[in-house]
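**Q** The structure's right below; bear with me while I get my questions together.
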Amino acid sequence: MGSIFNMDNGFFSTIGKIVDIIILSVVWLILCIPVITIGPATTALYYTTVKVIRRERGYLLREFFRSFKENLKNGVISGVIITAIIIMLIFNRNFALRLEDNTGFILLSAYNAMLFLIFCITVYLFPVLSRFRMGVKQLFKTSFFMSMKHLPTTLLLVVIVAFFGLGTYILPIAVFISPAICFLLCSFLLERVFKKYMPEKAEDAETSGRDEWYLE
């Protein structure tokens, strides 16, 4: 009987994770309101989802705001660049839609392809920023490289993100839980990719006190 009310049993553990997912999604949403902070907020969301919810390391909000602060500059710059590119491509795409000759069709196809490529890069961009230390230029190059080298994984990531994006558009209240769930599912694919580019766990990790949770 006592095991039913044990806070470590499966039921309470699941409830705890659901609450954490809701808290993460709400905090992410609030920090995205200024728009310019979408980049570091998304970076922190991925980092915390993997470290706290999946690996059960650290404290939820402490880890979130630590990552947010550490990646603020590069996250803001990357977010602004991505947003500017998307706005420009959408503007040009809408212009191409108004053209009725073959030129319009060619331009429309080109802009659609570029938007899809940017989408592919973006699904890697902020998770990569959360895990690796690099400048903005290298961040974009690495995200592009990974998205092309692991194309089947990239396509599956795009489907997952698009599914949650469309689901949230249809049912707006889902925004209070879907961001963290989306990244949680994506992390099972992304972490397999990231491990290919990370050094193996150090032999002295335990004795030195380093917590290499991301290699588990």
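Please note that chains go A, B, ... in the order of the structure tokens, that every chain numbers its residues from 1, and that ligands are numbered from 1 in the order shown.
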Pull the closest atom pair for each residue of range 82-159 of chain A that gets at most 12 Å from range 32-35 of chain A, along with the distance in Å to one decimal, counting only C-alpha atoms, ordering rows by chain and then ascending residue number, as CSV.
**A**
residue,atom,partner,partner_atom,distance
A:Ile82,CA,A:Val35,CA,12.0
A:Thr83,CA,A:Val35,CA,9.5
A:Ala84,CA,A:Val35,CA,12.0
**Q** What are the closest atom pairs, with distances in Å to one decimal, for all residues of range 40-95 of chain A lying within 7 Å of range 170-194 of chain A? Consider only C-alpha atoms, order rows by chain and residue number, and present the result as JSON lines.
**A**
{"residue": "A:Leu45", "atom": "CA", "partner": "A:Ala180", "partner_atom": "CA", "distance": 6.9}
{"residue": "A:Tyr46", "atom": "CA", "partner": "A:Phe183", "partner_atom": "CA", "distance": 6.0}
{"residue": "A:Thr49", "atom": "CA", "partner": "A:Leu184", "partner_atom": "CA", "distance": 6.1}
{"residue": "A:Val50", "atom": "CA", "partner": "A:Ser187", "partner_atom": "CA", "distance": 6.8}
**Q** Quick one: pull the distance between CA of Leu125 in chain A and CA of Phe145 in chain A, Å, one decimal.
**A** 10.8 Å
**Q** What is the CA of Thr43 in chain A to CA of Phe126 in chain A distance in Å?
**A** 4.7 Å
**Q** Using only C-alpha atoms, determine which residues lie at most 9 Å from range 156-158 of chain A, disregarding the query and same-chain residues fewer than 3 positions distant; provide the list as a list of chain:residue names.
**A**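 Here the answer would be A:Phe119, A:Cys120, A:Val123, A:Tyr124, A:Leu151, A:Pro152, A:Thr153, A:Val161, A:Ala162, A:Phe163, A:Leu185, A:Cys186, A:Leu189, A:Leu190.
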**Q** Hey, can you spit out that residue selection with N, CA and C atoms as a tab-separated table (two decimals), in the first residue's frame?
**A**
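Once everything was written out, this is out.tsv:
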chain	number	residue	atom	x	y	z
A	119	PHE	N	14.31	25.65	-43.02
A	119	PHE	CA	13.60	24.87	-42.01
A	119	PHE	C	14.47	23.71	-41.53
A	120	CYS	N	15.12	23.02	-42.47
A	120	CYS	CA	15.99	21.90	-42.13
A	120	CYS	C	17.15	22.35	-41.24
A	123	VAL	N	15.96	23.27	-37.51
A	123	VAL	CA	15.65	22.20	-36.55
A	123	VAL	C	16.91	21.69	-35.85
A	124	TYR	N	18.08	21.98	-36.44
A	124	TYR	CA	19.35	21.62	-35.81
A	124	TYR	C	19.97	22.80	-35.05
A	151	LEU	N	20.25	13.29	-43.66
A	151	LEU	CA	19.02	13.73	-44.30
A	151	LEU	C	17.77	12.94	-43.87
A	152	PRO	N	17.82	11.60	-43.79
A	152	PRO	CA	16.62	10.89	-43.32
A	152	PRO	C	16.17	11.35	-41.93
A	153	THR	N	17.14	11.55	-41.02
A	153	THR	CA	16.81	12.06	-39.69
A	153	THR	C	16.23	13.46	-39.79
A	161	VAL	N	8.29	18.44	-36.16
A	161	VAL	CA	8.11	19.86	-35.85
A	161	VAL	C	6.88	20.41	-36.57
A	162	ALA	N	6.71	20.03	-37.84
A	162	ALA	CA	5.55	20.50	-38.61
A	162	ALA	C	4.25	19.97	-38.01
A	163	PHE	N	4.27	18.73	-37.56
A	163	PHE	CA	3.07	18.13	-36.94
A	163	PHE	C	2.66	18.91	-35.70
A	185	LEU	N	10.61	14.60	-28.17
A	185	LEU	CA	10.61	13.60	-29.24
A	185	LEU	C	11.78	13.81	-30.20
A	186	CYS	N	12.04	15.07	-30.55
A	186	CYS	CA	13.15	15.36	-31.45
A	186	CYS	C	14.50	14.96	-30.84
A	189	LEU	N	16.14	11.67	-31.70
A	189	LEU	CA	16.83	11.63	-32.99
A	189	LEU	C	18.10	12.47	-32.95
A	190	LEU	N	18.01	13.67	-32.40
A	190	LEU	CA	19.14	14.59	-32.39
A	190	LEU	C	20.31	14.08	-31.54
**Q** Write out as an MDAnalysis selection string the residues lying within 9 Å of Thr42 in chain A, counting only C-alpha atoms and excluding same-chain residues fewer than 4 positions away.
**A** chainID A and resid 28 32 37:38 46:47 68 75 126:127
**Q** Find the residues near range 108-113 of chain A: any atom within 8 Å, counting only C-alpha atoms, skip ones fewer than 5 places away on the same chain, and give them as number ranges by chain.
**A** A: 89-90, 92-93, 96-97
**Q** Of the candidates A:Val128, A:Val19, A:Met146, A:Ile160, which shows the shortest atom-to-atom distance to Pro40 in chain A, using only C-alpha atoms?
**A**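 Comparing A:Val128, A:Val19, A:Met146, A:Ile160 against Pro40 in chain A, the winner is A:Val128.
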**Q** What are the DSSP alpha helix (DSSP H) residues of range 151-211 of chain A, as a ChimeraX atom specification?
**A** /A:151-170,178-194,205-208
**Q** Please report the interatomic distance between CA of Thr122 in chain A and CA of Tyr59 in chain A in Å with one decimal.
**A** 26.9 Å
